[in-house]
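Encoded as structure tokens, the structure appears first; notes follow it.
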Amino acid sequence: MSRPAPRASRYRRPLPPIGRYALRVAAVAAALGLWQILTSLDIDLWLRFSQFPTVTDVAHAFADRLTGADYWTDLTDSLTRILTGFLLAAVLGVAVGVLVARSRLAEDLLGPLLEVVRPIPAIALVPVAILLFPSNEQGIVFITFTAAFFPVLVSTRHAVRALTPVWEEAVLTMGGGRWRILGSVVLPGALPGIFSGLSVGIGVSWICVISAEMISGQYGVGYRTWQDYTIVYYPGVFVGMVTIGILGWLTSTAVELLGRRLTRWLPRTSYVPGARPAPPRTPARPAPTAARTDQPSDAEEARDEHLV
């Protein structure tokens with residue numbers, strides 16, 4: 001008897017990389033096209049798209065800003081503030097997180113204070129920054145630092161506490177001390193959790209630095225966006241929003257790539273979003289035939305197939 005034809009697989013194959021990038025570009029282009037249609041036709045159903053600038057208006061405003069010096073000054077000021085505050089938060093957040101997770105004394109001394117301050121939104125500390133620091137620049141860096149500090153701290157603390165004790169016991173067995181454990185077990189083992197907190201922290205930092213610039217800043221992307229809003233120049237507002245989105249995406253991608261590079265020793269999953277593993281194919285049962293002495297038995301066939 002002939003073998004039955006295999007059924008068509010219900011599982012779709014993943015797109016190649018070039019196909020995925022083309023799909024992403026098409027999605028962005030479709031969103032921009034929909035925006036252009038709704039705003040150019042002044043569609044007012046429930047949402048008032050007639051109040052929005054069109055895509056072409058925003059593009060013209062963006063081109064005008066790129067040719068001016070103020071745009072690049074604002075960009076430099078915002079990046080300086082975000083990088084300064086975020087780097088301070090990364091260093092201190094990891095250090096305090098490891099200390100609290102490894103020391104009961106540090107947890108008793110710092111834990112209650114940190115848990116009381118942690119729920120306070122960083123942007124709510126703007127009055128404190130204005131009273132505490134002699135300049136607005138230092139106050140904005142403080143707000144940025146506070147926004148990123150607690151996500152890094154919490155992620156580091158949980159990652160260190162989740163480490164298996166067997167690794168530490170192995171280092172102690174081989175004669176290693178506390179610093180050896182910290183450098184070869186604690187920090188490498190907690191790196192995935194640390195970078196999860198850094199990814200969250202950089203996003204929250206951008207939210208807070210833009211808000212702080214709107215309230216008390218001089219120059220910066222947030223300051224310029226608020227100024228455009230006060231003079232009712234909405235294309236300029238959207239230029240600021242697009243700039244913030246691009247900067248946030250670039251910095252988040254940089255943190256993610258750095259995390260992948262520092263954790264290359266970790267096993268990587270082969271999971272592809274949107275793809276499903278192909279179902280196992282059931283071999284067709286051979287048609288019953290008369291027993292022949294020159295053919296191997298079923299047990300021998302199973303053994304040979306296992307060896308292959």
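Going through the structure tokens in order, the chains are called A, B, and so on, while each chain numbers its residues from 1 and the ligands are numbered from 1 in the order shown.
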Taking the DSSP assignment computed from this structure's backbone, write out as an MDAnalysis selection string all residues of segment 20-103 of chain A that belong to alpha helix (DSSP H). chainID A and resid 20:40 55:66 69:102
Hey, could you make a per-residue contact list for segment 78-129 of chain A against segment 236-247 of chain A with 12 Å as the cut-off, showing the nearest pair of atoms and its distance in Å to one decimal, counting only C-alpha atoms, sorted by chain and number, as JSON lines?
{"residue": "A:Ser78", "atom": "CA", "partner": "A:Ile244", "partner_atom": "CA", "distance": 9.6}
{"residue": "A:Leu79", "atom": "CA", "partner": "A:Leu247", "partner_atom": "CA", "distance": 8.4}
{"residue": "A:Ile82", "atom": "CA", "partner": "A:Leu247", "partner_atom": "CA", "distance": 10.4}
{"residue": "A:Leu83", "atom": "CA", "partner": "A:Leu247", "partner_atom": "CA", "distance": 11.6}
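Shortest separation to Arg65 of chain A among A:Thr84, A:Ser135, A:Thr225, A:Gln51 occurs at residue A:Thr225, atoms counted being only C-alpha atoms.
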Proximity to Ala190 of chain A - best of A:Thr54, A:Thr164, A:Thr76, A:Thr146, only C-alpha atoms: A:Thr164
Where does segment 110-179 of chain A meet segment 210-224 of chain A within 12 Å, residue by residue, with the nearest atom pair and distance in Å to one decimal for each, counting only C-alpha atoms, listed by chain and rising number, as CSV?
residue,atom,partner,partner_atom,distance
A:Pro121,CA,A:Ser211,CA,11.6
A:Ala122,CA,A:Ala212,CA,9.4
A:Ile123,CA,A:Ala212,CA,6.7
A:Ala124,CA,A:Ala212,CA,9.6
A:Leu125,CA,A:Ala212,CA,9.6
A:Val126,CA,A:Ala212,CA,7.0
A:Pro127,CA,A:Ser216,CA,9.7
A:Ala129,CA,A:Ala212,CA,10.0
A:Ile130,CA,A:Ser216,CA,8.4
A:Ser135,CA,A:Gly217,CA,10.0
A:Asn136,CA,A:Gly217,CA,6.4
A:Glu137,CA,A:Gly217,CA,7.3
A:Gln138,CA,A:Gly217,CA,10.4
A:Gly139,CA,A:Ala212,CA,8.6
A:Ile140,CA,A:Ala212,CA,6.0
A:Val141,CA,A:Ala212,CA,9.2
A:Phe142,CA,A:Ala212,CA,10.0
A:Ile143,CA,A:Ala212,CA,7.3
A:Thr144,CA,A:Ala212,CA,8.5
A:Phe145,CA,A:Ala212,CA,11.9
A:Ala147,CA,A:Ala212,CA,11.2
Restricting it to C-alpha atoms, dump the selection as a compact mmCIF listing (two decimals), in the first residue's frame.
# COMPACT_ATOMS: atom_id res chain seq x y z
CA PRO A 121 6.78 59.63 42.17
CA ALA A 122 10.06 61.19 41.19
CA ILE A 123 8.32 64.13 39.56
CA ALA A 124 6.69 64.90 42.92
CA LEU A 125 10.19 65.62 44.27
CA VAL A 126 10.58 68.70 42.07
CA PRO A 127 9.82 71.10 44.98
CA ALA A 129 14.96 69.52 44.34
CA ILE A 130 14.29 73.25 43.96
CA SER A 135 20.69 75.28 40.48
CA ASN A 136 17.91 73.88 38.32
CA GLU A 137 20.42 71.76 36.42
CA GLN A 138 21.41 69.83 39.53
CA GLY A 139 17.76 69.47 40.52
CA ILE A 140 16.82 67.92 37.17
CA VAL A 141 19.72 65.46 37.42
CA PHE A 142 18.48 64.56 40.93
CA ILE A 143 14.98 63.88 39.58
CA THR A 144 16.41 61.71 36.83
CA PHE A 145 18.58 59.83 39.31
CA ALA A 147 13.48 57.91 38.80
Excluding same-chain residues fewer than 4 positions from Leu41 of chain A, what lies within 12 Å of it counting only C-alpha atoms, as a ChimeraX atom specification? /A:34-37,45,48-54
Residues at most 8 Å from Val98 of chain A, counting only C-alpha atoms, excluding those fewer than 5 positions away in the same chain, as a list in words? Thr156, Arg157 and Val160 of chain A
Save out the residues we just selected, N, CA, C and O atoms, as an mmCIF file, in the first residue's frame.
data_model
loop_
_atom_site.group_PDB
_atom_site.id
_atom_site.type_symbol
_atom_site.label_atom_id
_atom_site.label_comp_id
_atom_site.auth_asym_id
_atom_site.auth_seq_id
_atom_site.Cartn_x
_atom_site.Cartn_y
_atom_site.Cartn_z
ATOM 1 N N THR A 156 17.829 44.484 41.251
ATOM 2 C CA THR A 156 19.076 43.910 41.751
ATOM 3 C C THR A 156 18.842 43.118 43.027
ATOM 4 O O THR A 156 19.375 42.006 43.190
ATOM 5 N N ARG A 157 18.063 43.655 43.917
ATOM 6 C CA ARG A 157 17.792 42.955 45.182
ATOM 7 C C ARG A 157 17.105 41.617 44.941
ATOM 8 O O ARG A 157 17.496 40.586 45.510
ATOM 9 N N VAL A 160 19.609 39.070 43.242
ATOM 10 C CA VAL A 160 20.620 38.515 44.151
ATOM 11 C C VAL A 160 19.993 37.498 45.097
ATOM 12 O O VAL A 160 20.560 36.433 45.359
#
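Using only C-alpha atoms, the shortest contact distance between Asp57 of chain A and any of A:Ile202, A:Tyr233, A:Leu258, A:Val166 is found at A:Tyr233.
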